[in-house]
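Participant: Take this structure, written in structure tokens, and hold onto it; I'll ask about it next.
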Amino acid sequence: MLPTPLFLRLLVLLAPVVVRPAVALPAEPTDELFAEEDTEPAGFPDPFESYNRMVFDANRDVEPWVVQPLVNAYDAVAPEAVQRAVARILTNLDSPAVFVNDLLQLDPIGASITATRFALNTTVGLLGIWDPATDMGIDGHDTDFGQTMAFAGIPSGPYLILFLIGPTNARDAFGYIVDFFFRPTTYVLTPAAQVLFTGVREGSIGISKREAQDEALRQLEASSMDFYAALRNGYFQARTGAIEARRRGRNENYALVRRALGGGGTLSPPGGEVGDAGPDGAEQRVESVPRDH
């Protein structure tokens, strides 16, 4: 069962999604000559913008008193080498969830790589303090149930700002809950420790992530007329880029399988339809097709 504080927080913040369905408005035609200047940047549909801005403002109010002191304390107490070790441990603890999603994405090669890395880094690497798998040339990858749903053609749903967690969308928020059950920490940590772990690991302001992103976020805020919109578009670009990178990696693994079986070209994985937000905020689906080299 989800720890009560985290479950209640997600329930409260996702409630508007259940009550009010998202409606994607069609994009108005634009003159191609002025498309570059007039077309708004790509982004997830945002029918709950007023609610999101309220939570966004609350996060900014809390940041100087809660988040920033924690980030500063983490930076002061933990040397750079320790911070890297913490990041490696947390990444290693995510491996079972990655492994399950590799299987759900029909990527046996990716799953075998994830399992091998987890075994090596947990034993030889002492739970992931070190990363002997990478030293041996076994590079890892990251994926989650939100990406698994995207590959199944499920649209992103509306953009959301979660209190103390940061930007996400309805699909990824649900995906996080599913991944939660496949993480070892869900079953070995107490509810209070789980909330602390979530604060350190998750979201755009998770301590381990925020410490590395702090300067970039400050620059984005300083250069933006509307920090909310800039963060929304930045999250969209980062998330769709991560999905596309995972799609390419999965297709490369299928190409290896096809060549090993005596075939040629690149085999797109079954269910290769990717559901996500289009440039105008409406939903679009892109069917992946085989490519020949």
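We name chains A, B, ... following the order of the structure tokens; residues begin at 1 in each chain, and ligands are numbered from 1 as shown.
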Do you know which residues are at most 8 Å from region 59-65 of chain A counting only C-alpha atoms, after dropping those on the same chain fewer than 2 positions away, and could you put them as a PyMOL selection string?
Facilitator: chain A and resi 55-57+67-69+163-164+166
Participant: Could the residues of region 140-196 of chain A that have an atom at most 12 Å from region 112-134 of chain A be listed as a tab-separated table, each with its closest atom pair and the distance in Å to one decimal, counting only C-alpha atoms and ordered by chain and ascending residue number?
Facilitator:
residue	atom	partner	partner_atom	distance
A:Gly140	CA	A:Thr114	CA	6.5
A:His141	CA	A:Thr114	CA	7.7
A:Asp142	CA	A:Thr114	CA	9.1
A:Thr143	CA	A:Thr114	CA	10.5
A:Pro184	CA	A:Leu127	CA	11.7
Participant: Ranking A:Ala170, A:Val100, A:Ile109, A:Ala238 by minimum distance to Pro158 (chain A) and counting only C-alpha atoms, which one comes first?
Facilitator: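 Closest to Pro158 (chain A) of all the choices is A:Ala170.
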Participant: At what distance in Å, to one decimal, does CA of Arg53 (chain A) lie from CA of Met149 (chain A)?
Facilitator: 26.5 Å
Participant: Pick out the closest residue to Thr240 (chain A) from this set: A:Leu103, A:Ala111, A:Ser50, A:Ser156. Count only C-alpha atoms.
Facilitator: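 Closest to Thr240 (chain A) of all the choices is A:Ser156.
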Participant: Near Glu244 (chain A), counting only C-alpha atoms, which residues have an atom at most 10 Å away, once you skip same-chain residues fewer than 5 positions from it, shown as a list in words?
Facilitator: Gln147, Phe151, Ala238, Arg239, Gly249, Arg250 and Val274 of chain A
Participant: So that I can check the surroundings of Asn253 (chain A), please list as an MDAnalysis selection string every protein, DNA and RNA residue that reaches within 12 Å of it, counting only C-alpha atoms and ignoring chain neighbours fewer than 3 positions away.
Facilitator: chainID A and resid 102 105:113 246:250 256:260 265:269
Participant: What does the distance between CA of Phe180 (chain A) and CA of Gly146 (chain A) come to in Å, to one decimal place?
Facilitator: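 Value for the CA of Phe180 (chain A)-CA of Gly146 (chain A) distance: 12.0 Å.
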Participant: If you measure from CA of Leu220 (chain A) to CA of Val86 (chain A), what distance in Å do you get, rounded to one decimal?
Facilitator: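 So the two atoms, CA of Leu220 (chain A) and CA of Val86 (chain A), lie 26.4 Å apart.
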Participant: Select, from A:Thr148, A:Ser224, A:Asn251, A:Gln219, the residue with the minimum atom-to-atom distance to Ala97 (chain A), counting only C-alpha atoms.
Facilitator: A:Thr148
